[in-house]
Amino acid sequence: MADISNEAKFKEVMGNYPTGVTVVTTVNEEGIPLGLTVNSFASVSINPLLILWSIDKRVSSYEAFVHSEHFAVHVLAGDQSDICSLFAMKGTDRFANCEWKISESNLPIIAGAAGVLQCKTFKTVDAGDHMVLIGEVIDIQSSSKAPLLYHKRKFGPIPETFYLD
Ligand SMILES: Cc1cc2nc3c(=O)[nH]c(=O)nc-3n(C[C@H](O)[C@H](O)[C@H](O)COP(=O)(O)O)c2cc1C
């Protein structure tokens, strides 16, 4: 069991580490689309192209993701705060409330992302109360859209002043 004071300090340090925001999607065995908001996403390797993210074992779609052969990572755009909230909210029909379509690799692709990486599951690594999913990138959709940022439990677009010299 983690020391309570260390857990609080850990959360404080990690919460002060700004990230982008992604939504990761897949389909389950019945073909039902599943997805969640994720900020544990990171680049791993160039040759081959590998990325990782980690999923909390309590998430309702956990089993489906761990056994899925493919998943899609959407790097959310600055104007997609609503998608970030939608895919983190419990008890909502997430896919009834956003625009999406099925890709050739049978993955749900949400419209309007800054970038989309469709991945084949490369490896899963059991890590405490999370499972790390490593994906090999098999399809890349890129755009010039600026990303959504996450810091201290708030998210929003990059402020215009960020780019000023
Ligand atoms: C900005 C942000 C980042 C998140 N990152 C992760 C993550 O990396 N891994 C994870 O398992 N949950 C993450 N979550 C929480 C999940 O999105 C949330 O627990 C999940 O959508 C719950 O799904 P369920 O209702 O199907 O269980 C994050 C939530 C937010 C708002």
# chains A, B, ... in the order shown; residues from 1 in each chain; ligands from 1

call {"tool": "closest_atom_pairs", "arguments": {"of": "chain A", "to": "ligand 1", "cutoff": "10 Å", "atoms": "only C-alpha atoms and all ligand atoms", "output": "Markdown table"}}
result
| residue | atom | partner | partner_atom_place_in_ligand_line | distance |
| --- | --- | --- | --- | --- |
| A:Thr19 | CA | ligand 1 | 1 (C) | 8.5 |
| A:Gly20 | CA | ligand 1 | 1 (C) | 8.2 |
| A:Val21 | CA | ligand 1 | 1 (C) | 5.9 |
| A:Thr22 | CA | ligand 1 | 3 (C) | 7.7 |
| A:Val23 | CA | ligand 1 | 17 (O) | 8.0 |
| A:Val24 | CA | ligand 1 | 17 (O) | 9.2 |
| A:Leu34 | CA | ligand 1 | 26 (O) | 7.9 |
| A:Gly35 | CA | ligand 1 | 21 (O) | 7.2 |
| A:Leu36 | CA | ligand 1 | 21 (O) | 4.2 |
| A:Thr37 | CA | ligand 1 | 17 (O) | 3.8 |
| A:Val38 | CA | ligand 1 | 5 (N) | 3.3 |
| A:Asn39 | CA | ligand 1 | 5 (N) | 4.1 |
| A:Ser40 | CA | ligand 1 | 8 (O) | 3.9 |
| A:Phe41 | CA | ligand 1 | 8 (O) | 6.6 |
| A:Leu52 | CA | ligand 1 | 8 (O) | 9.9 |
| A:Trp53 | CA | ligand 1 | 8 (O) | 6.2 |
| A:Ser54 | CA | ligand 1 | 9 (N) | 5.2 |
| A:Ile55 | CA | ligand 1 | 11 (O) | 3.4 |
| A:Asp56 | CA | ligand 1 | 11 (O) | 3.7 |
| A:Lys57 | CA | ligand 1 | 11 (O) | 7.2 |
| A:Arg58 | CA | ligand 1 | 27 (O) | 6.4 |
| A:Val59 | CA | ligand 1 | 27 (O) | 3.6 |
| A:Ser60 | CA | ligand 1 | 27 (O) | 3.8 |
| A:Ser61 | CA | ligand 1 | 26 (O) | 5.5 |
| A:Tyr62 | CA | ligand 1 | 27 (O) | 7.9 |
| A:Ser81 | CA | ligand 1 | 1 (C) | 9.7 |
| A:Cys84 | CA | ligand 1 | 31 (C) | 6.4 |
| A:Ser85 | CA | ligand 1 | 31 (C) | 6.3 |
| A:Leu86 | CA | ligand 1 | 21 (O) | 8.2 |
| A:Phe87 | CA | ligand 1 | 21 (O) | 5.2 |
| A:Ala88 | CA | ligand 1 | 21 (O) | 3.6 |
| A:Met89 | CA | ligand 1 | 21 (O) | 5.8 |
| A:Lys90 | CA | ligand 1 | 25 (O) | 3.9 |
| A:Gly91 | CA | ligand 1 | 25 (O) | 6.2 |
| A:Thr92 | CA | ligand 1 | 25 (O) | 8.1 |
| A:Asp93 | CA | ligand 1 | 26 (O) | 9.9 |
| A:Arg94 | CA | ligand 1 | 26 (O) | 9.4 |
| A:Asp129 | CA | ligand 1 | 11 (O) | 9.5 |
| A:His130 | CA | ligand 1 | 11 (O) | 7.1 |
| A:Met131 | CA | ligand 1 | 11 (O) | 8.5 |
| A:Val132 | CA | ligand 1 | 9 (N) | 9.2 |
| A:Leu148 | CA | ligand 1 | 1 (C) | 9.8 |
| A:Leu149 | CA | ligand 1 | 1 (C) | 8.6 |
| A:Tyr150 | CA | ligand 1 | 1 (C) | 6.0 |
| A:His151 | CA | ligand 1 | 1 (C) | 8.3 |
| A:Lys152 | CA | ligand 1 | 1 (C) | 9.5 |
| A:Arg153 | CA | ligand 1 | 1 (C) | 6.9 |
| A:Lys154 | CA | ligand 1 | 1 (C) | 7.7 |
| A:Phe155 | CA | ligand 1 | 1 (C) | 7.1 |

call {"tool": "write_last_selection", "arguments": {"atoms": "C-alpha atoms", "output": "tab-separated table (two decimals), in the first residue's frame"}}
result
chain	number	residue	atom	x	y	z
A	19	THR	CA	0.57	17.26	-20.93
A	20	GLY	CA	-1.56	17.16	-24.03
A	21	VAL	CA	-4.81	15.20	-23.93
A	22	THR	CA	-5.78	12.18	-26.00
A	23	VAL	CA	-8.86	10.02	-26.41
A	24	VAL	CA	-8.07	6.35	-27.04
A	34	LEU	CA	-15.31	2.20	-26.56
A	35	GLY	CA	-13.07	5.08	-25.57
A	36	LEU	CA	-11.64	7.15	-22.74
A	37	THR	CA	-9.71	10.36	-22.11
A	38	VAL	CA	-6.01	9.66	-21.53
A	39	ASN	CA	-3.01	11.85	-20.71
A	40	SER	CA	-0.51	9.05	-19.96
A	41	PHE	CA	0.28	8.89	-23.69
A	52	LEU	CA	2.44	3.87	-24.96
A	53	TRP	CA	-0.39	4.78	-22.63
A	54	SER	CA	-1.65	3.27	-19.40
A	55	ILE	CA	-5.15	2.25	-18.38
A	56	ASP	CA	-6.52	2.13	-14.85
A	57	LYS	CA	-7.70	-1.43	-14.06
A	58	ARG	CA	-11.01	0.02	-12.74
A	59	VAL	CA	-12.03	1.53	-16.10
A	60	SER	CA	-15.15	-0.19	-17.50
A	61	SER	CA	-13.51	-0.81	-20.89
A	62	TYR	CA	-10.30	-2.21	-19.30
A	81	SER	CA	-12.44	20.46	-24.42
A	84	CYS	CA	-12.05	15.60	-23.30
A	85	SER	CA	-14.90	15.95	-20.74
A	86	LEU	CA	-17.25	13.60	-22.61
A	87	PHE	CA	-14.73	10.74	-22.68
A	88	ALA	CA	-13.88	11.15	-18.98
A	89	MET	CA	-17.51	11.31	-17.79
A	90	LYS	CA	-19.14	8.20	-16.31
A	91	GLY	CA	-22.60	7.05	-17.38
A	92	THR	CA	-22.83	8.87	-20.73
A	93	ASP	CA	-23.21	7.37	-24.17
A	94	ARG	CA	-19.95	8.87	-25.39
A	129	ASP	CA	-3.03	-0.59	-10.58
A	130	HIS	CA	-2.60	0.20	-14.29
A	131	MET	CA	-1.74	-1.78	-17.41
A	132	VAL	CA	0.66	-0.18	-19.90
A	148	LEU	CA	-5.45	20.85	-26.04
A	149	LEU	CA	-3.33	21.20	-22.87
A	150	TYR	CA	-3.83	19.70	-19.39
A	151	HIS	CA	-2.30	21.11	-16.21
A	152	LYS	CA	-3.38	20.99	-12.53
A	153	ARG	CA	-6.70	19.31	-13.41
A	154	LYS	CA	-7.65	22.05	-15.88
A	155	PHE	CA	-7.59	21.83	-19.66

call {"tool": "residues_around", "arguments": {"residues": "Gly78 in chain A", "least_positions_apart": "5", "cutoff": "9 Å", "atoms": "only C-alpha atoms", "output": "ChimeraX atom specification"}}
result
/A:113-114,145-149,156-158

call {"tool": "select_by_dssp", "arguments": {"residues": "chain A", "states": "strand (DSSP E or B)", "output": "ChimeraX atom specification"}}
result
/A:19-20,22-27,33-38,42-45,50-56,70-75,77,100-102,108-110,115-127,130-142,147-151,154-157

call {"tool": "closest_atom_pairs", "arguments": {"of": "range 7-83 of chain A", "to": "range 99-112 of chain A", "cutoff": "10 Å", "atoms": "only C-alpha atoms", "output": "JSON lines"}}
result
{"residue": "A:Val23", "atom": "CA", "partner": "A:Ile110", "partner_atom": "CA", "distance": 8.7}
{"residue": "A:Val24", "atom": "CA", "partner": "A:Pro108", "partner_atom": "CA", "distance": 9.3}
{"residue": "A:Thr25", "atom": "CA", "partner": "A:Pro108", "partner_atom": "CA", "distance": 6.2}
{"residue": "A:Thr26", "atom": "CA", "partner": "A:Leu107", "partner_atom": "CA", "distance": 5.5}
{"residue": "A:Val27", "atom": "CA", "partner": "A:Leu107", "partner_atom": "CA", "distance": 6.5}
{"residue": "A:Gly31", "atom": "CA", "partner": "A:Asn106", "partner_atom": "CA", "distance": 8.7}
{"residue": "A:Ile32", "atom": "CA", "partner": "A:Pro108", "partner_atom": "CA", "distance": 9.4}
{"residue": "A:Pro33", "atom": "CA", "partner": "A:Pro108", "partner_atom": "CA", "distance": 6.3}
{"residue": "A:Leu34", "atom": "CA", "partner": "A:Pro108", "partner_atom": "CA", "distance": 8.1}
{"residue": "A:Gly35", "atom": "CA", "partner": "A:Pro108", "partner_atom": "CA", "distance": 8.6}
{"residue": "A:His70", "atom": "CA", "partner": "A:Leu107", "partner_atom": "CA", "distance": 7.4}
{"residue": "A:Phe71", "atom": "CA", "partner": "A:Leu107", "partner_atom": "CA", "distance": 6.6}
{"residue": "A:Ala72", "atom": "CA", "partner": "A:Leu107", "partner_atom": "CA", "distance": 6.5}
{"residue": "A:Val73", "atom": "CA", "partner": "A:Ile109", "partner_atom": "CA", "distance": 8.9}
{"residue": "A:His74", "atom": "CA", "partner": "A:Ile110", "partner_atom": "CA", "distance": 7.5}
{"residue": "A:Val75", "atom": "CA", "partner": "A:Gly112", "partner_atom": "CA", "distance": 9.6}
{"residue": "A:Leu76", "atom": "CA", "partner": "A:Gly112", "partner_atom": "CA", "distance": 7.9}
{"residue": "A:Ala77", "atom": "CA", "partner": "A:Gly112", "partner_atom": "CA", "distance": 7.1}
{"residue": "A:Asp79", "atom": "CA", "partner": "A:Gly112", "partner_atom": "CA", "distance": 8.8}
{"residue": "A:Gln80", "atom": "CA", "partner": "A:Gly112", "partner_atom": "CA", "distance": 7.8}
{"residue": "A:Ile83", "atom": "CA", "partner": "A:Ile110", "partner_atom": "CA", "distance": 9.1}

call {"tool": "write_last_selection", "arguments": {"atoms": "C-alpha atoms", "output": "PDB file, in the first residue's frame"}}
result
ATOM      1  CA  VAL A  23      -8.863  10.024 -26.413  1.00  0.00           C
ATOM      2  CA  VAL A  24      -8.074   6.347 -27.040  1.00  0.00           C
ATOM      3  CA  THR A  25     -10.720   4.233 -28.799  1.00  0.00           C
ATOM      4  CA  THR A  26     -11.297   0.614 -29.773  1.00  0.00           C
ATOM      5  CA  VAL A  27     -14.213  -1.764 -30.410  1.00  0.00           C
ATOM      6  CA  GLY A  31     -18.251  -4.352 -32.315  1.00  0.00           C
ATOM      7  CA  ILE A  32     -19.366  -1.722 -29.776  1.00  0.00           C
ATOM      8  CA  PRO A  33     -17.146   1.411 -29.809  1.00  0.00           C
ATOM      9  CA  LEU A  34     -15.311   2.200 -26.558  1.00  0.00           C
ATOM     10  CA  GLY A  35     -13.069   5.083 -25.569  1.00  0.00           C
ATOM     11  CA  HIS A  70      -5.907  -2.453 -32.291  1.00  0.00           C
ATOM     12  CA  PHE A  71      -6.620   0.956 -30.770  1.00  0.00           C
ATOM     13  CA  ALA A  72      -6.638   4.568 -32.009  1.00  0.00           C
ATOM     14  CA  VAL A  73      -5.043   7.506 -30.167  1.00  0.00           C
ATOM     15  CA  HIS A  74      -6.582  10.919 -30.916  1.00  0.00           C
ATOM     16  CA  VAL A  75      -4.430  13.917 -29.953  1.00  0.00           C
ATOM     17  CA  LEU A  76      -7.179  16.394 -29.059  1.00  0.00           C
ATOM     18  CA  ALA A  77      -7.214  19.834 -30.667  1.00  0.00           C
ATOM     19  CA  ASP A  79     -11.155  23.391 -29.394  1.00  0.00           C
ATOM     20  CA  GLN A  80     -11.997  19.843 -28.175  1.00  0.00           C
ATOM     21  CA  ILE A  83     -14.573  15.744 -26.172  1.00  0.00           C
TER      22      ILE A  83
END

call {"tool": "atom_distance", "arguments": {"atom1": "CA of Cys119 in chain A", "atom2": "CA of Ser68 in chain A"}}
result
10.5 Å

call {"tool": "atom_distance", "arguments": {"atom1": "CA of Gln118 in chain A", "atom2": "CA of Ile140 in chain A"}}
result
6.5 Å

call {"tool": "closest_residue", "arguments": {"among": "A:Leu49, A:Ile134, A:Asp82, A:Leu164", "to": "Phe65 in chain A", "atoms": "only C-alpha atoms"}}
result
A:Ile134

call {"tool": "atom_distance", "arguments": {"atom1": "CA of Ile46 in chain A", "atom2": "CA of Gly128 in chain A"}}
result
26.8 Å

call {"tool": "decode", "arguments": {"residues": "range 42-86 of chain A", "atoms": "C-alpha atoms", "output": "short mmCIF file (atom, residue, chain, number, x, y, z; two decimals), in the first residue's frame"}}
result
data_model
loop_
_atom_site.label_atom_id
_atom_site.label_comp_id
_atom_site.auth_asym_id
_atom_site.auth_seq_id
_atom_site.Cartn_x
_atom_site.Cartn_y
_atom_site.Cartn_z
CA ALA A 42 3.98 9.05 -24.70
CA SER A 43 6.24 8.33 -27.64
CA VAL A 44 8.47 5.24 -27.21
CA SER A 45 10.38 4.30 -30.39
CA ILE A 46 10.97 5.49 -33.95
CA ASN A 47 12.08 2.16 -35.45
CA PRO A 48 9.58 0.60 -35.16
CA LEU A 49 7.08 3.42 -34.48
CA LEU A 50 5.88 2.74 -30.92
CA ILE A 51 3.77 4.69 -28.43
CA LEU A 52 2.44 3.87 -24.96
CA TRP A 53 -0.39 4.78 -22.63
CA SER A 54 -1.65 3.27 -19.40
CA ILE A 55 -5.15 2.25 -18.38
CA ASP A 56 -6.52 2.13 -14.85
CA LYS A 57 -7.70 -1.43 -14.06
CA ARG A 58 -11.01 0.02 -12.74
CA VAL A 59 -12.03 1.53 -16.10
CA SER A 60 -15.15 -0.19 -17.50
CA SER A 61 -13.51 -0.81 -20.89
CA TYR A 62 -10.30 -2.21 -19.30
CA GLU A 63 -10.77 -5.85 -20.41
CA ALA A 64 -11.72 -4.81 -23.94
CA PHE A 65 -8.61 -2.61 -24.31
CA VAL A 66 -6.24 -5.18 -22.83
CA HIS A 67 -7.52 -7.85 -25.24
CA SER A 68 -7.93 -5.56 -28.26
CA GLU A 69 -5.63 -6.08 -31.22
CA HIS A 70 -5.91 -2.45 -32.29
CA PHE A 71 -6.62 0.96 -30.77
CA ALA A 72 -6.64 4.57 -32.01
CA VAL A 73 -5.04 7.51 -30.17
CA HIS A 74 -6.58 10.92 -30.92
CA VAL A 75 -4.43 13.92 -29.95
CA LEU A 76 -7.18 16.39 -29.06
CA ALA A 77 -7.21 19.83 -30.67
CA GLY A 78 -7.41 23.08 -28.66
CA ASP A 79 -11.16 23.39 -29.39
CA GLN A 80 -12.00 19.84 -28.17
CA SER A 81 -12.44 20.46 -24.42
CA ASP A 82 -15.97 19.05 -24.80
CA ILE A 83 -14.57 15.74 -26.17
CA CYS A 84 -12.05 15.60 -23.30
CA SER A 85 -14.90 15.95 -20.74
CA LEU A 86 -17.25 13.60 -22.61
#
